[in-house]
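Next comes protein.cif, with mmCIF, C-alpha atoms.
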```cif
data_work
#
loop_
_atom_site.label_atom_id
_atom_site.label_comp_id
_atom_site.auth_asym_id
_atom_site.auth_seq_id
_atom_site.Cartn_x
_atom_site.Cartn_y
_atom_site.Cartn_z
CA MET P 1 65.68 168.81 76.62
CA ARG P 2 69.08 170.31 77.40
CA ARG P 3 67.77 171.51 80.71
CA ILE P 4 67.28 167.99 82.04
CA TRP P 5 69.71 165.91 79.96
CA LEU P 6 72.90 168.00 79.84
CA TRP P 7 74.17 167.19 83.35
CA PRO P 8 73.09 163.55 83.41
CA THR P 9 74.99 163.07 80.13
CA VAL P 10 78.10 164.83 81.44
CA ILE P 11 77.98 162.81 84.68
CA GLY P 12 77.41 159.55 82.81
CA ILE P 13 80.38 160.11 80.50
CA ALA P 14 82.59 161.26 83.40
CA SER P 15 81.65 158.16 85.44
CA LEU P 16 82.37 155.73 82.61
CA THR P 17 85.64 157.47 81.71
CA GLY P 18 86.72 157.32 85.35
CA LEU P 19 85.75 153.68 85.74
CA VAL P 20 87.76 152.62 82.68
CA ALA P 21 90.72 154.98 83.17
CA GLY P 22 91.29 153.73 86.72
CA LEU P 23 91.47 150.21 85.40
CA MET P 24 93.80 150.90 82.48
CA LEU P 25 96.29 153.40 83.90
CA ASP P 26 98.19 153.83 87.14
CA GLY P 27 98.58 157.26 88.72
CA TRP P 28 96.65 159.45 86.31
CA GLY P 29 94.06 156.75 85.86
CA ASP P 30 93.30 156.72 89.59
CA PHE P 31 93.01 160.50 89.56
CA LEU P 32 90.56 160.38 86.62
CA ALA P 33 88.56 157.71 88.45
CA TRP P 34 88.28 159.93 91.54
CA MET P 35 87.21 162.93 89.44
CA GLY P 36 84.81 160.91 87.27
CA LEU P 37 82.99 159.29 90.18
CA GLY P 38 83.43 162.33 92.41
CA LEU P 39 81.13 164.29 90.10
CA PRO P 40 77.95 162.23 90.75
CA VAL P 41 78.79 161.99 94.46
CA ALA P 42 79.25 165.77 94.73
CA THR P 43 76.04 166.44 92.76
CA GLY P 44 74.04 164.12 94.98
CA VAL P 45 75.37 165.66 98.17
CA ILE P 46 74.98 169.28 97.01
CA ASP P 47 71.46 168.89 95.62
CA TRP P 48 70.23 166.61 98.39
CA ARG P 49 68.56 169.20 100.58
CA GLY P 50 66.49 170.73 97.83
CA ARG P 51 65.29 174.24 97.21
CA TYR P 52 62.13 176.25 96.92
CA THR P 53 60.88 176.54 93.39
CA SER P 54 57.30 177.72 93.34
CA THR P 55 56.62 181.25 94.44
CA PRO P 56 53.41 180.89 96.48
CA GLU P 57 54.84 178.23 98.73
CA ARG P 58 58.05 180.10 99.05
CA LEU P 59 56.19 183.24 100.13
CA ASN P 60 54.14 181.25 102.61
CA ASP P 61 57.27 179.85 104.06
CA ILE P 62 58.99 183.21 104.35
CA ALA P 63 55.85 184.69 105.89
CA ALA P 64 55.69 181.87 108.41
CA ARG P 65 59.32 182.39 109.35
CA GLU P 66 58.90 186.13 109.70
CA CYS P 67 55.92 185.67 112.03
CA LEU P 68 57.71 183.15 114.20
CA GLN P 69 60.99 185.02 114.51
CA PRO P 70 60.67 188.71 115.38
CA ARG P 71 63.30 190.82 113.72
CA ALA P 72 66.22 192.07 115.67
CA GLY P 73 65.55 195.45 117.26
CA GLU P 74 61.78 195.00 117.47
CA MET X 1 55.77 152.47 74.44
CA SER X 2 53.69 154.90 76.43
CA THR X 3 54.73 156.43 79.74
CA LYS X 4 52.13 154.19 81.33
CA SER X 5 53.74 150.99 80.02
CA TRP X 6 57.22 152.17 81.02
CA SER X 7 55.86 152.98 84.47
CA TRP X 8 54.42 149.49 84.72
CA LEU X 9 57.73 147.94 83.62
CA HIS X 10 59.73 150.10 86.03
CA ARG X 11 57.39 149.41 88.92
CA TRP X 12 57.29 145.65 88.59
CA SER X 13 60.88 145.00 87.56
CA SER X 14 62.08 146.97 90.57
CA LEU X 15 59.49 145.66 93.03
CA VAL X 16 60.51 142.07 92.34
CA CYS X 17 64.22 142.73 92.81
CA THR X 18 64.15 145.51 95.46
CA ALA X 19 64.46 143.27 98.53
CA PHE X 20 67.44 141.44 97.01
CA MET X 21 69.04 144.64 95.75
CA LEU X 22 68.77 146.16 99.23
CA LEU X 23 70.42 143.01 100.59
CA LEU X 24 73.19 143.29 97.98
CA CYS X 25 73.77 147.01 98.59
CA LEU X 26 73.84 146.59 102.39
CA THR X 27 76.12 143.53 102.41
CA GLY X 28 78.26 145.02 99.65
CA LEU X 29 79.05 148.12 101.70
CA PRO X 30 81.37 146.40 104.24
CA LEU X 31 82.81 144.24 101.44
CA ILE X 32 84.08 147.38 99.65
CA PHE X 33 86.22 148.05 102.72
CA GLN X 34 87.11 144.45 103.53
CA HIS X 35 90.86 144.99 103.35
CA GLU X 36 90.64 148.01 105.65
CA ILE X 37 88.37 146.08 108.04
CA ALA X 38 90.73 143.09 108.06
CA HIS X 39 93.61 145.46 108.73
CA ALA X 40 91.79 147.17 111.58
CA LEU X 41 90.96 143.79 113.12
CA GLY X 42 94.65 142.84 112.99
CA ARG X 43 94.03 140.13 110.39
CA ALA X 44 96.24 141.57 107.66
CA ILE X 45 99.09 139.29 106.59
CA GLU X 46 102.46 140.86 105.81
CA PRO X 47 105.49 139.10 104.33
CA ALA X 48 108.75 139.15 106.31
CA SER X 49 110.47 142.44 105.59
CA MET X 50 113.31 141.72 103.19
CA PRO X 51 114.88 143.63 100.32
CA MET X 52 112.66 143.58 97.19
CA ASP X 53 115.39 141.82 95.22
CA ALA X 54 115.88 139.05 97.78
CA PRO X 55 115.63 135.74 95.94
CA MET X 56 112.29 133.92 95.86
CA ALA X 57 112.07 130.50 97.48
CA GLU X 58 111.57 127.41 95.32
CA LEU X 59 107.86 126.83 94.76
CA GLY X 60 108.30 123.25 95.92
CA ALA X 61 109.45 124.53 99.31
CA VAL X 62 106.43 126.83 99.47
CA ALA X 63 104.08 123.93 98.79
CA ASP X 64 105.95 121.69 101.26
CA ALA X 65 105.58 124.28 104.02
CA ALA X 66 101.81 124.24 103.51
CA ARG X 67 101.76 120.42 103.25
CA ALA X 68 103.67 120.09 106.52
CA ARG X 69 100.87 122.03 108.15
CA HIS X 70 98.24 119.69 106.70
CA PRO X 71 99.79 116.26 106.14
CA GLY X 72 97.32 114.07 104.30
CA LEU X 73 95.85 116.90 102.22
CA LEU X 74 96.75 117.51 98.57
CA VAL X 75 97.95 120.82 97.18
CA GLN X 76 95.56 122.10 94.49
CA PHE X 77 96.82 125.59 93.65
CA LEU X 78 99.49 128.13 94.42
CA TYR X 79 98.20 131.65 93.92
CA ARG X 80 99.43 135.18 94.54
CA GLU X 81 97.88 138.61 94.10
CA SER X 82 99.52 140.97 91.61
CA ASP X 83 99.90 143.68 94.28
CA GLU X 84 101.40 141.30 96.86
CA PRO X 85 103.86 139.03 95.03
CA GLY X 86 105.62 138.24 98.33
CA LEU X 87 102.78 136.01 99.55
CA TRP X 88 101.72 132.66 98.15
CA TRP X 89 98.25 131.36 98.96
CA VAL X 90 98.39 127.57 98.93
CA SER X 91 95.08 125.74 98.75
CA LEU X 92 94.86 122.16 99.97
CA ALA X 93 92.00 119.66 100.21
CA GLU X 94 91.31 115.95 100.57
CA THR X 95 90.99 115.51 96.82
CA LEU X 96 92.41 117.53 93.95
CA THR X 97 88.98 118.54 92.67
CA ALA X 98 87.29 119.22 96.03
CA GLN X 99 85.66 122.65 96.35
CA GLU X 100 84.43 122.20 99.91
CA ASN X 101 86.62 122.19 103.04
CA VAL X 102 89.52 123.74 101.18
CA LYS X 103 92.31 124.92 103.52
CA ARG X 104 94.26 128.00 102.56
CA VAL X 105 97.74 128.56 103.94
CA VAL X 106 99.68 131.77 103.35
CA VAL X 107 103.40 131.22 102.80
CA ASP X 108 106.14 133.84 102.52
CA ALA X 109 107.43 133.72 98.94
CA ARG X 110 111.03 134.41 99.99
CA THR X 111 111.48 132.51 103.25
CA ALA X 112 108.98 129.70 102.48
CA GLN X 113 107.72 130.02 106.06
CA VAL X 114 104.03 129.65 106.84
CA LEU X 115 102.73 133.07 107.85
CA ALA X 116 99.08 132.41 108.52
CA GLU X 117 96.12 130.21 107.94
CA PRO X 118 93.30 132.71 107.83
CA LYS X 119 89.93 131.40 108.92
CA LEU X 120 88.12 132.49 105.80
CA GLU X 121 84.90 130.68 106.56
CA GLU X 122 83.75 132.49 109.65
CA GLY X 123 83.26 135.98 110.98
CA PHE X 124 81.33 139.07 109.92
CA LEU X 125 82.97 139.54 106.50
CA TYR X 126 82.41 135.89 105.59
CA TRP X 127 78.70 136.24 106.40
CA MET X 128 78.48 139.42 104.35
CA TYR X 129 80.32 137.75 101.49
CA ARG X 130 78.12 134.67 101.45
CA LEU X 131 74.90 136.70 101.67
CA HIS X 132 76.20 138.91 98.88
CA SER X 133 77.43 136.21 96.54
CA ASP X 134 75.09 133.24 96.88
CA CYS X 135 72.88 133.63 99.99
CA PHE X 136 74.49 130.43 101.39
CA VAL X 137 72.97 128.20 98.70
CA GLY X 138 75.85 127.83 96.26
CA LEU X 139 75.51 127.99 92.50
CA PRO X 140 71.67 128.21 92.41
CA GLY X 141 71.89 131.19 94.76
CA LYS X 142 74.42 132.90 92.51
CA LEU X 143 72.37 132.32 89.38
CA PHE X 144 69.23 133.53 91.16
CA LEU X 145 70.96 136.77 92.19
CA GLY X 146 72.10 137.08 88.56
CA VAL X 147 68.46 136.98 87.44
CA MET X 148 67.65 139.68 90.02
CA GLY X 149 70.50 141.66 88.45
CA VAL X 150 68.85 141.38 85.04
CA LEU X 151 65.65 142.80 86.57
CA LEU X 152 67.74 145.64 87.99
CA ILE X 153 69.02 146.44 84.49
CA ILE X 154 65.43 146.49 83.19
CA ALA X 155 64.51 148.82 86.08
CA ILE X 156 67.45 151.09 85.21
CA VAL X 157 66.55 151.31 81.52
CA SER X 158 62.87 151.99 82.22
CA GLY X 159 63.89 154.43 84.94
CA VAL X 160 65.98 156.43 82.47
CA VAL X 161 63.01 156.58 80.09
CA LEU X 162 60.78 157.80 82.93
CA TYR X 163 63.33 160.40 84.02
CA LYS X 164 62.15 162.63 81.19
CA PRO X 165 58.42 162.88 82.01
CA PHE X 166 59.04 162.97 85.77
CA GLY X 167 62.09 165.21 85.72
CA ILE X 168 60.92 167.80 83.18
CA LYS X 169 58.95 169.89 85.68
CA PRO X 170 61.57 170.47 88.37
CA GLY X 171 64.55 170.31 85.98
CA PHE X 172 67.86 168.63 86.69
CA GLY X 173 69.24 168.74 90.18
CA ILE X 174 66.17 170.33 91.75
CA VAL X 175 64.61 168.70 94.79
CA ARG X 176 61.44 170.66 95.35
CA GLN X 177 61.01 171.90 98.90
CA GLY X 178 57.79 173.20 100.33
CA HIS X 179 55.68 170.58 98.57
CA SER X 180 54.56 167.23 99.91
CA ALA X 181 57.07 164.68 101.23
CA ARG X 182 56.08 162.62 98.24
CA THR X 183 57.24 165.27 95.75
CA LYS X 184 60.49 165.72 97.63
CA TRP X 185 61.24 161.99 97.62
CA LEU X 186 60.16 161.63 93.99
CA ASP X 187 62.67 164.36 93.09
CA ARG X 188 65.40 162.72 95.17
CA HIS X 189 64.63 159.35 93.61
CA ASN X 190 64.95 160.90 90.14
CA LEU X 191 68.03 162.96 90.95
CA LEU X 192 70.05 160.21 92.64
CA GLY X 193 68.77 157.63 90.17
CA ILE X 194 69.89 159.55 87.10
CA ILE X 195 73.32 160.47 88.48
CA ILE X 196 74.23 156.89 89.48
CA VAL X 197 72.92 155.33 86.25
CA ALA X 198 76.34 154.78 84.67
CA TRP X 199 77.97 153.48 87.84
CA LEU X 200 75.03 151.27 88.83
CA SER X 201 74.78 149.80 85.32
CA VAL X 202 78.47 148.88 85.39
CA VAL X 203 78.25 147.41 88.91
CA GLY X 204 75.02 145.59 87.97
CA ILE X 205 76.28 144.09 84.70
CA THR X 206 79.66 143.08 86.16
CA GLY X 207 77.81 141.58 89.14
CA ILE X 208 75.70 139.48 86.76
CA ILE X 209 78.87 138.30 84.98
CA ASN X 210 80.44 137.38 88.33
CA THR X 211 77.49 135.11 89.11
CA TRP X 212 78.53 133.03 86.11
CA ALA X 213 82.15 132.68 87.29
CA ASP X 214 81.93 129.00 88.23
CA LEU X 215 80.25 128.13 84.94
CA LEU X 216 82.69 130.18 82.84
CA ILE X 217 85.73 128.58 84.49
CA ARG X 218 84.30 125.11 83.94
CA PHE X 219 83.52 125.97 80.35
CA TRP X 220 87.03 127.34 79.83
CA GLN X 221 88.51 124.08 81.15
CA TYR X 222 86.32 122.10 78.77
CA ASP X 223 86.87 124.50 75.89
CA GLN X 224 90.66 124.89 76.18
CA ILE X 225 92.09 121.92 78.08
CA THR X 226 89.99 118.89 77.16
CA ALA X 227 90.93 118.74 73.47
CA MET X 228 94.53 119.67 74.20
CA VAL X 229 95.10 116.79 76.60
CA ALA X 230 93.19 114.14 74.63
CA PRO X 231 96.42 112.31 73.62
CA TRP X 232 97.23 111.71 77.32
CA LYS X 233 93.74 110.61 78.26
CA GLU X 234 94.30 106.85 77.99
CA LEU X 235 97.87 106.89 79.33
CA PRO X 236 98.62 105.55 82.82
CA ALA X 237 99.50 108.00 85.57
CA PRO X 238 102.85 109.65 84.89
CA ALA X 239 105.85 107.63 86.11
CA ARG X 240 107.50 110.67 87.56
CA ILE X 241 106.36 114.16 88.32
CA GLN X 242 108.75 117.03 87.73
CA PRO X 243 108.98 119.51 90.58
CA VAL X 244 106.54 122.40 90.43
CA GLN X 245 109.39 124.90 90.19
CA LEU X 246 110.45 123.35 86.87
CA ALA X 247 106.96 123.94 85.45
CA ALA X 248 106.96 127.54 86.67
CA THR X 249 110.43 128.14 85.20
CA ALA X 250 109.36 126.72 81.84
CA ALA X 251 106.42 129.14 81.70
CA GLN X 252 108.60 132.01 82.91
CA THR X 253 111.11 131.31 80.13
CA ALA X 254 108.32 131.32 77.55
CA ALA X 255 106.92 134.61 78.86
CA PRO X 256 109.90 136.47 80.34
CA ASP X 257 108.05 139.78 80.80
CA MET X 258 105.29 138.22 82.86
CA ALA X 259 105.05 136.86 86.39
CA VAL X 260 103.63 133.58 87.69
CA GLY X 261 100.19 134.29 89.11
CA LEU X 262 98.72 130.85 89.64
CA VAL X 263 99.97 127.29 89.41
CA ALA X 264 97.44 124.47 89.16
CA TYR X 265 98.79 121.07 90.24
CA PRO X 266 98.06 118.09 87.97
CA GLY X 267 94.56 116.68 88.37
CA THR X 268 92.71 119.84 89.44
CA ILE X 269 89.80 121.52 87.67
CA LEU X 270 92.27 123.88 85.96
CA SER X 271 94.76 121.25 84.75
CA SER X 272 94.87 117.63 83.57
CA SER X 273 96.15 114.46 85.23
CA HIS X 274 99.33 114.72 83.14
CA HIS X 275 99.81 118.48 83.23
CA TYR X 276 100.46 121.42 85.44
CA THR X 277 98.86 124.66 84.29
CA VAL X 278 100.88 127.81 84.98
CA PHE X 279 99.00 131.10 84.63
CA MET X 280 101.29 134.00 83.78
CA ARG X 281 100.23 137.54 84.49
CA GLY X 282 101.32 140.79 82.77
CA ALA X 283 103.11 143.67 84.45
CA GLU X 284 100.94 146.58 83.27
CA PRO X 285 97.94 147.74 85.35
CA PHE X 286 95.50 146.21 82.88
CA SER X 287 97.44 143.13 81.77
CA SER X 288 98.17 142.23 85.40
CA ARG X 289 94.49 141.34 85.63
CA LEU X 290 94.64 138.91 82.71
CA TYR X 291 96.40 135.59 82.31
CA VAL X 292 98.40 133.73 79.70
CA PRO X 293 98.12 130.06 80.70
CA PHE X 294 100.66 127.36 79.80
CA LEU X 295 100.01 123.64 79.92
CA ILE X 296 103.13 121.83 81.14
CA GLU X 297 103.63 118.09 80.98
CA THR X 298 104.43 116.68 84.40
CA GLU X 299 106.70 113.90 83.15
CA SER X 300 109.03 116.02 80.99
CA GLY X 301 108.48 119.44 82.50
CA ARG X 302 108.09 120.80 78.95
CA ILE X 303 105.42 123.12 77.63
CA THR X 304 102.68 121.22 75.81
CA ALA X 305 100.80 124.32 74.70
CA ARG X 306 100.04 127.91 75.40
CA LEU X 307 96.31 127.88 76.18
CA GLY X 308 93.86 130.43 74.87
CA PHE X 309 92.32 132.94 77.20
CA PRO X 310 89.15 133.81 75.31
CA TRP X 311 86.97 136.89 75.58
CA TYR X 312 84.60 135.38 78.14
CA MET X 313 87.45 134.85 80.61
CA THR X 314 88.73 138.38 79.94
CA ALA X 315 85.20 139.65 80.58
CA LEU X 316 85.07 137.72 83.85
CA LEU X 317 88.43 138.96 85.13
CA VAL X 318 87.76 142.57 84.10
CA SER X 319 84.32 142.37 85.73
CA GLN X 320 85.79 141.70 89.14
CA PRO X 321 87.54 145.02 89.82
CA LEU X 322 84.71 146.94 88.12
CA HIS X 323 82.30 145.29 90.56
CA PHE X 324 84.44 145.59 93.71
CA GLY X 325 85.84 149.11 93.13
CA ASP X 326 89.18 148.04 94.60
CA TYR X 327 91.48 149.46 91.93
CA GLY X 328 91.81 153.14 92.83
CA GLY X 329 92.94 153.23 96.43
CA LEU X 330 90.90 154.36 99.42
CA PRO X 331 89.43 157.49 97.71
CA LEU X 332 87.76 155.31 95.06
CA LYS X 333 86.44 152.97 97.77
CA ILE X 334 84.89 155.91 99.63
CA LEU X 335 83.24 157.14 96.41
CA TRP X 336 82.09 153.56 95.74
CA GLY X 337 80.59 153.38 99.23
CA THR X 338 78.80 156.72 98.79
CA LEU X 339 77.36 155.68 95.42
CA ASP X 340 76.22 152.45 97.11
CA LEU X 341 74.45 154.56 99.76
CA PHE X 342 72.81 156.58 96.95
CA ALA X 343 71.62 153.30 95.45
CA ILE X 344 70.12 152.30 98.82
CA ILE X 345 68.29 155.67 98.94
CA VAL X 346 66.99 155.20 95.38
CA LEU X 347 65.70 151.72 96.30
CA GLY X 348 64.18 152.93 99.57
CA SER X 349 62.54 156.00 98.06
CA GLY X 350 61.21 153.87 95.20
CA LEU X 351 59.56 151.60 97.73
CA PHE X 352 58.20 154.63 99.63
CA LEU X 353 56.75 156.09 96.42
CA TYR X 354 55.14 152.75 95.58
CA THR X 355 53.55 152.24 98.99
CA GLY X 356 52.44 155.89 99.06
CA ARG X 357 50.88 155.37 95.67
CA MET X 358 48.92 152.40 96.97
CA ARG X 359 47.70 154.38 99.96
CA SER X 360 46.64 157.46 98.02
CA ALA X 361 45.11 155.40 95.23
CA SER X 362 42.86 153.65 97.70
CA ARG X 363 42.01 156.93 99.39
CA ARG X 364 41.34 159.28 96.53
CA ASN X 365 41.78 157.25 93.39
CA ILE X 366 44.31 159.80 92.07
CA ASP X 367 46.10 159.33 88.81
CA TRP X 368 49.80 158.62 89.23
CA GLU X 369 50.45 160.13 85.84
CA GLU X 370 49.40 163.47 87.28
CA MET X 371 52.72 163.56 89.06
CA ALA X 372 54.47 163.74 85.73
CA LYS X 373 52.53 166.76 84.49
#
```
As structure tokens, what does this structure read like?
Amino acid sequence: MRRIWLWPTVIGIASLTGLVAGLMLDGWGDFLAWMGLGLPVATGVIDWRGRYTSTPERLNDIAARECLQPRAGE
Amino acid sequence: MSTKSWSWLHRWSSLVCTAFMLLLCLTGLPLIFQHEIAHALGRAIEPASMPMDAPMAELGAVADAARARHPGLLVQFLYRESDEPGLWWVSLAETLTAQENVKRVVVDARTAQVLAEPKLEEGFLYWMYRLHSDCFVGLPGKLFLGVMGVLLIIAIVSGVVLYKPFGIKPGFGIVRQGHSARTKWLDRHNLLGIIIVAWLSVVGITGIINTWADLLIRFWQYDQITAMVAPWKELPAPARIQPVQLAATAAQTAAPDMAVGLVAYPGTILSSSHHYTVFMRGAEPFSSRLYVPFLIETESGRITARLGFPWYMTALLVSQPLHFGDYGGLPLKILWGTLDLFAIIVLGSGLFLYTGRMRSASRRNIDWEEMAK
């Protein structure tokens, strides 16, 4: 459970805190709003491209790359 | 409820509202930056540069400057933004209650000179605004978009429930590469969907509240003003009308720590035929968004009553910044715009997953629930 819910919970609380703080306070409030909403934006951008998770496909992919691109010096 | 029922709810609530939500996200994007766009197009209005403590002009002179521009029209309201107290927006129309063909003249609060008469009912931003707020069909359009907003909330709730079965395999933040395009877009849909949940819920709910703005203001007028002005109802029109500055000064004296935000002339939808209504605004970041309204008799220039500003009006006024994202400078607007783009991707990928599902179901009769395992 923690594996999938920890970050969404953190991001949700950060977003709501930022949304409200920006409205209630000047200066610091704006900063909290940028941090709070910056977190989901950063997560989305960083995780957008994706990564290889399952071994067989990953190996296939590496093998394909190796075949297509001869190593330096060969 | 089983995963299957939640899937059904998520699918249909989002399918019905997707086209409208895409419209709202796309038209909302330029609206986030409307001040910057107006500035870039040279349409920004600046007051004459004068020392901050230069005395303010009489409100009567401000209204007269606007009237001179449109002789024959009646002044309805004087309004100024909390972050630009040097500019009065004067609205004028053929009748005091007209909502169509309202002219808006911007007058310098210190020199009482007309600065501009922005053409608010044309141009790109106006089109975006109308498509976004009522699709050019007025109140029914607003209420319809509000209903679409309720469907969005249902889609969000069911989407959060489905995040667990569909997100458990890859784990949080993992977009699986090297699988089918479908898996990749399912993961992106889940990832972006779950990280914008809080923001999108707030923007969605505040958007729904904004669709009720006209109704809430009318109800407030009925709720707060009608009973208060009953003793004047049968009286003939006032013999003399005190100048608007006197009304503003009376309210200012009653609330010395606040500033005049809006003055409604007698006979408008926010006042009565025998009263001005002066809306005072606080000085703190939060209280500057809320009003304390005073009803001021036109004949005597005295305060009849301090009107209530109940929770539903507070909810409406707090909903506006939370929907527009215009309260944290340009950085917040850029974040708002990016989250809006994420929402567009969630909507688009949702549609892609649905159409892909239809295609594969007809081809191989596969079970959609398999994706969750």
Any idea what's packed within 8 Å of range 28-33 of chain P, counting only C-alpha atoms, ignoring anything in its chain fewer than 5 positions away? Could you give it as number ranges by chain? P: 15, 17-23, 38; X: 327-329, 332
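Residues surrounding Trp8 in chain X within 12 Å are Met1, Ser2, Thr3, Ser13, Ser14, Leu15, Ile154, Ala155, Ser158, Gly159, Leu162, Tyr354, Trp368 and Glu369 of chain X [only C-alpha atoms; sequence separation below 5 positions excluded].
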Could you turn the residues from that selection into a file that holds C-alpha atoms, as a CSV table (one decimal), in the coordinates of the input?
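Everything below was put into out29.csv:
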```
chain,number,residue,atom,x,y,z
X,1,MET,CA,55.8,152.5,74.4
X,2,SER,CA,53.7,154.9,76.4
X,3,THR,CA,54.7,156.4,79.7
X,13,SER,CA,60.9,145.0,87.6
X,14,SER,CA,62.1,147.0,90.6
X,15,LEU,CA,59.5,145.7,93.0
X,154,ILE,CA,65.4,146.5,83.2
X,155,ALA,CA,64.5,148.8,86.1
X,158,SER,CA,62.9,152.0,82.2
X,159,GLY,CA,63.9,154.4,84.9
X,162,LEU,CA,60.8,157.8,82.9
X,354,TYR,CA,55.1,152.8,95.6
X,368,TRP,CA,49.8,158.6,89.2
X,369,GLU,CA,50.4,160.1,85.8
```
Pull out every residue of chain P that has at least one atom within 9 Å of chain X, counting all atoms listed in the file, and report them as a compact mmCIF listing (two decimals) with C-alpha atoms, in the coordinates of the input.
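Below is the file part15.txt, written as the result:
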```txt
# COMPACT_ATOMS: atom_id res chain seq x y z
CA MET P 1 65.68 168.81 76.62
CA ARG P 3 67.77 171.51 80.71
CA ILE P 4 67.28 167.99 82.04
CA TRP P 5 69.71 165.91 79.96
CA LEU P 6 72.90 168.00 79.84
CA TRP P 7 74.17 167.19 83.35
CA PRO P 8 73.09 163.55 83.41
CA THR P 9 74.99 163.07 80.13
CA ILE P 11 77.98 162.81 84.68
CA GLY P 12 77.41 159.55 82.81
CA ILE P 13 80.38 160.11 80.50
CA SER P 15 81.65 158.16 85.44
CA LEU P 16 82.37 155.73 82.61
CA LEU P 19 85.75 153.68 85.74
CA VAL P 20 87.76 152.62 82.68
CA GLY P 22 91.29 153.73 86.72
CA LEU P 23 91.47 150.21 85.40
CA MET P 24 93.80 150.90 82.48
CA LEU P 25 96.29 153.40 83.90
CA ASP P 26 98.19 153.83 87.14
CA GLY P 27 98.58 157.26 88.72
CA GLY P 29 94.06 156.75 85.86
CA ASP P 30 93.30 156.72 89.59
CA PHE P 31 93.01 160.50 89.56
CA ALA P 33 88.56 157.71 88.45
CA TRP P 34 88.28 159.93 91.54
CA LEU P 37 82.99 159.29 90.18
CA GLY P 38 83.43 162.33 92.41
CA LEU P 39 81.13 164.29 90.10
CA PRO P 40 77.95 162.23 90.75
CA VAL P 41 78.79 161.99 94.46
CA THR P 43 76.04 166.44 92.76
CA GLY P 44 74.04 164.12 94.98
CA ILE P 46 74.98 169.28 97.01
CA ASP P 47 71.46 168.89 95.62
CA TRP P 48 70.23 166.61 98.39
CA ARG P 49 68.56 169.20 100.58
CA GLY P 50 66.49 170.73 97.83
CA ARG P 51 65.29 174.24 97.21
CA TYR P 52 62.13 176.25 96.92
CA THR P 53 60.88 176.54 93.39
CA SER P 54 57.30 177.72 93.34
CA GLU P 57 54.84 178.23 98.73
CA ARG P 58 58.05 180.10 99.05
CA ASP P 61 57.27 179.85 104.06
```
If I take CA of Ala250 in chain X and CA of Ala213 in chain X, how far is one from the other in Å, to one decimal? 28.4 Å
Report, in Å to a single decimal, how far apart CA of Leu26 in chain X and CA of Glu122 in chain X are. 18.7 Å
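Taking all atoms listed in the file into account, the protein, DNA and RNA residues within 9 Å of (104.2, 111.0, 86.2) read X:Pro236, X:Ala237, X:Pro238, X:Ala239, X:Arg240, X:Ile241, X:Gln242, X:Ser273, X:His274, X:Glu297, X:Thr298, X:Glu299, X:Ser300.
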What separation in Å, quoted to one decimal, exists between CA of Ile208 in chain X and CA of Val150 in chain X? 7.3 Å
The PyMOL selection byres ((chain X and resi 131) around 12) applied to the shown file, residues as a PyMOL selection string: chain X and resi 20-28+30-31+124-130+132-138+141-142+145
Resulting file, chosen residues, C-alpha atoms, as a PDB file, keeping the file's coordinate frame:
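Heads up, here's the output in selection21.pdb:
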```
ATOM      1  CA  PHE X  20      67.440 141.440  97.010  1.00  0.00           C
ATOM      2  CA  MET X  21      69.040 144.640  95.750  1.00  0.00           C
ATOM      3  CA  LEU X  22      68.770 146.160  99.230  1.00  0.00           C
ATOM      4  CA  LEU X  23      70.420 143.010 100.590  1.00  0.00           C
ATOM      5  CA  LEU X  24      73.190 143.290  97.980  1.00  0.00           C
ATOM      6  CA  CYS X  25      73.770 147.010  98.590  1.00  0.00           C
ATOM      7  CA  LEU X  26      73.840 146.590 102.390  1.00  0.00           C
ATOM      8  CA  THR X  27      76.120 143.530 102.410  1.00  0.00           C
ATOM      9  CA  GLY X  28      78.260 145.020  99.650  1.00  0.00           C
ATOM     10  CA  PRO X  30      81.370 146.400 104.240  1.00  0.00           C
ATOM     11  CA  LEU X  31      82.810 144.240 101.440  1.00  0.00           C
ATOM     12  CA  PHE X 124      81.330 139.070 109.920  1.00  0.00           C
ATOM     13  CA  LEU X 125      82.970 139.540 106.500  1.00  0.00           C
ATOM     14  CA  TYR X 126      82.410 135.890 105.590  1.00  0.00           C
ATOM     15  CA  TRP X 127      78.700 136.240 106.400  1.00  0.00           C
ATOM     16  CA  MET X 128      78.480 139.420 104.350  1.00  0.00           C
ATOM     17  CA  TYR X 129      80.320 137.750 101.490  1.00  0.00           C
ATOM     18  CA  ARG X 130      78.120 134.670 101.450  1.00  0.00           C
ATOM     19  CA  HIS X 132      76.200 138.910  98.880  1.00  0.00           C
ATOM     20  CA  SER X 133      77.430 136.210  96.540  1.00  0.00           C
ATOM     21  CA  ASP X 134      75.090 133.240  96.880  1.00  0.00           C
ATOM     22  CA  CYS X 135      72.880 133.630  99.990  1.00  0.00           C
ATOM     23  CA  PHE X 136      74.490 130.430 101.390  1.00  0.00           C
ATOM     24  CA  VAL X 137      72.970 128.200  98.700  1.00  0.00           C
ATOM     25  CA  GLY X 138      75.850 127.830  96.260  1.00  0.00           C
ATOM     26  CA  GLY X 141      71.890 131.190  94.760  1.00  0.00           C
ATOM     27  CA  LYS X 142      74.420 132.900  92.510  1.00  0.00           C
ATOM     28  CA  LEU X 145      70.960 136.770  92.190  1.00  0.00           C
TER      29      LEU X 145
END
```
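Using all atoms listed in the file, the protein and nucleic acid residues lying at most 9 Å from the point (65.1, 138.7, 94.4) are Val16, Cys17, Thr18, Ala19, Phe20, Met21, Phe144, Leu145, Val147, Met148, Gly149 and Leu151 of chain X.
This file, filtered with the PyMOL selection byres ((chain X and resi 118) around 8), gives the residues Arg43, Arg104, Val105, Val106, Ala116, Glu117, Lys119 and Leu120 of chain X.
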